[in-house]
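Chemist: Let me give you the structure first, and then I'll get to my questions.
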Amino acid sequence: MADQPQIYELNNGTVVVKITNYGCTITSLSVPDKNGKLADVVLGFDTVEPYVKGASPYFGCIVGRVANRIKNGKFTLNGTGYSLPINKPPNSLHGGFKGFDKRIWEVAEYKKGDKPSITFKYRSSDGEEGYPGDVSVTATYTLTSSMTMKLDMEAVPENKATPINLAQHTYWNLAGHNSGNILDHTIQIWASEMTPVDENTVPTGEIKPVKGTPFDFTAEKKVGLQVHEVGLGYDHNYVLGGGEEKLGLKRAAKLKDPSSSRVLNLWTNAPGMQFYTGNYVNGVVGKGGAVYNKHAGLCLETQGFPNAINQSNFPSVVVQPGSKYQHTMLFEFSVE
């Protein structure tokens, strides 16, 4: 319907979400605290212009065709070598210079009511940002209950095998987007292992236990407790597993802000999750003139493992023509 960026609203009377068809981006998400007071808990901008102008460090968007880093921007598939744009030297990051986050998606369906939803679709063409084959992509955001949002992402390669790994890149701050940093939040991550990285933040291929390291969030722990022991901050892929399941999804993380008592429980069917503490955010002027600095928000990006296309021991991210990539995330908000 829309061939230019617009902002759409999903509102079920409790939670209010604003999403633009530019990059399928969540620009605002308001949820109540323990006293019923609403606050917008995601970093972003008031209008679409800053996103379009490139001011956003991936706030709230869906990244693809392949999320995260591909080492040296190179991979081989079915005997053919592919070279991708090096937009985060020396690697290719989040789909290249003009990934899915910088494309205008079509609004395929928009429903109001007590379970409001919006479906965006995009067709990625063969050779786009260096990737093989045409791919049809859809993303549907739904408020499934008073305090729950679901995101369903699907992608079907039409004519060539291709790596596909979509991720939702929202920066969360459950105290409110303009409240400062997230170092006092607590987080629990249902992962006993993570993938260590090299000096360019690309996984080395190892899979390492988190026990006894600053990466251990198997029990609820303050984000800031050991953040200074891991370089600039957390920016690592966790190997999800070991938690309970619900609706075919596994438990990924539980994030809590002690000041407001807001809680986010995240469930997914993806094998990994990038836990990123906003290490590169620096002086970004966002909604209402709020200035976002380092650690102003954190990302819980469920995903295939970074650089999986070049690591045979990681779960494959290659999708065959006619097969369907499916990635679901369930965001459950509560207070406790």
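To be explicit about the labels: the chains of the structure tokens are called A, B, and onward in the order shown, and within each one the residues are counted from 1, while ligands get numbers from 1 in the order they are shown.
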Would you list the contacts of range 219-232 of chain A as a ChimeraX atom specification, taking every protein, DNA or RNA residue within 10 Å and counting only C-alpha atoms, but skipping same-chain residues closer than 3 positions in sequence?
Modeler: /A:181-190,213-216,235-236,253-257,277-280,294-295,298
Chemist: Return as a PyMOL selection string the full set of residues in range 80-282 of chain A whose backbone-based DSSP assignment is strand (DSSP E).
Modeler: chain A and resi 80-83+92-93+106-111+117-124+135-145+148-157+162-163+167-168+171-172+186-189+193-195+208-209+221-222+235-239+245-246+249-256+262-268+272-276
Chemist: What separation in Å, quoted to one decimal, exists between CA of Gly241 in chain A and CA of Thr268 in chain A?
Modeler: 10.4 Å
Chemist: Dump as CSV the rows for residues of range 169-243 of chain A within 9 Å of range 23-36 of chain A: closest atom pair and distance in Å with one decimal, only C-alpha atoms counted, ordered by chain and rising residue number.
Modeler:
residue,atom,partner,partner_atom,distance
A:His169,CA,A:Thr25,CA,8.6
A:Thr170,CA,A:Ile26,CA,7.1
A:Leu174,CA,A:Val31,CA,8.8
A:Ala175,CA,A:Asp33,CA,8.7
A:Gly176,CA,A:Ser30,CA,8.7
Chemist: Can you tell me, as an mmCIF file with C-alpha atoms, in the first residue's frame, what residues are no more than 8 Å from range 2-13 of chain A when counting only C-alpha atoms, ignoring any on the same chain fewer than 6 positions away?
Modeler:
data_model
loop_
_atom_site.group_PDB
_atom_site.id
_atom_site.type_symbol
_atom_site.label_atom_id
_atom_site.label_comp_id
_atom_site.auth_asym_id
_atom_site.auth_seq_id
_atom_site.Cartn_x
_atom_site.Cartn_y
_atom_site.Cartn_z
ATOM 1 C CA ILE A 19 6.084 0.638 13.640
ATOM 2 C CA THR A 20 7.250 2.064 10.333
ATOM 3 C CA ASN A 21 7.382 0.247 7.004
ATOM 4 C CA TYR A 22 10.898 1.665 6.641
ATOM 5 C CA THR A 47 9.647 10.685 12.905
ATOM 6 C CA VAL A 48 10.853 8.536 10.017
ATOM 7 C CA ILE A 104 10.653 0.371 2.284
ATOM 8 C CA TRP A 105 8.440 -2.646 2.903
ATOM 9 C CA GLU A 106 4.916 -2.974 1.583
ATOM 10 C CA VAL A 107 2.040 -3.097 4.056
ATOM 11 C CA LYS A 112 -7.289 -3.250 14.293
ATOM 12 C CA GLY A 113 -9.283 -4.735 17.191
ATOM 13 C CA ASP A 114 -8.314 -6.566 20.366
ATOM 14 C CA LYS A 115 -5.535 -8.523 18.580
ATOM 15 C CA PRO A 116 -4.208 -5.835 16.250
ATOM 16 C CA SER A 117 -1.534 -6.803 13.749
ATOM 17 C CA ILE A 118 0.412 -5.513 10.789
ATOM 18 C CA THR A 142 0.725 -8.923 16.482
ATOM 19 C CA LEU A 143 -0.468 -7.906 19.948
ATOM 20 C CA SER A 146 -2.953 -7.485 26.634
#
Chemist: Determine which residues of range 29-90 of chain A receive a DSSP assignment of helix (DSSP H, G or I), computed from the backbone, and state them as a ChimeraX atom specification.
Modeler: /A:49-52,71-73
Chemist: Got time to write the residues from that selection, N, CA and C atoms, as a PDB file, in the first residue's frame?
Modeler:
ATOM      1  N   GLU A  49      12.187  10.490   9.417  1.00  0.00           N
ATOM      2  CA  GLU A  49      13.320  11.150   8.750  1.00  0.00           C
ATOM      3  C   GLU A  49      14.699  10.709   9.246  1.00  0.00           C
ATOM      4  N   PRO A  50      14.948  10.681  10.555  1.00  0.00           N
ATOM      5  CA  PRO A  50      16.302  10.287  10.988  1.00  0.00           C
ATOM      6  C   PRO A  50      16.679   8.858  10.569  1.00  0.00           C
ATOM      7  N   TYR A  51      15.691   7.960  10.546  1.00  0.00           N
ATOM      8  CA  TYR A  51      15.980   6.599  10.082  1.00  0.00           C
ATOM      9  C   TYR A  51      16.394   6.627   8.614  1.00  0.00           C
ATOM     10  N   VAL A  52      15.617   7.340   7.819  1.00  0.00           N
ATOM     11  CA  VAL A  52      15.875   7.421   6.377  1.00  0.00           C
ATOM     12  C   VAL A  52      17.214   8.091   6.095  1.00  0.00           C
ATOM     13  N   LYS A  71      32.408 -12.848   7.988  1.00  0.00           N
ATOM     14  CA  LYS A  71      33.848 -12.567   8.022  1.00  0.00           C
ATOM     15  C   LYS A  71      34.389 -12.175   6.650  1.00  0.00           C
ATOM     16  N   ASN A  72      35.030 -11.012   6.626  1.00  0.00           N
ATOM     17  CA  ASN A  72      35.647 -10.468   5.408  1.00  0.00           C
ATOM     18  C   ASN A  72      34.642 -10.294   4.268  1.00  0.00           C
ATOM     19  N   GLY A  73      33.354 -10.387   4.567  1.00  0.00           N
ATOM     20  CA  GLY A  73      32.323 -10.209   3.550  1.00  0.00           C
ATOM     21  C   GLY A  73      32.378 -11.238   2.446  1.00  0.00           C
TER      22      GLY A  73
END
Chemist: Report as a ChimeraX atom specification all protein, DNA and RNA residues lying within 10 Å of Pro209 in chain A, evaluated on only C-alpha atoms, omitting residues in the same chain fewer than 4 positions from it.
Modeler: /A:191-196,213,215-216,238-239
Chemist: Using only C-alpha atoms for the distances, tell me which of A:Ser92, A:Val318, A:Asn68, A:Asn293 is nearest to Asn237 in chain A.
Modeler: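 Distance minimum relative to Asn237 in chain A lands on A:Asn68.
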Chemist: If you measure from CA of Ser136 in chain A to CA of Tyr110 in chain A, what distance in Å do you get, rounded to one decimal?
Modeler: 18.7 Å
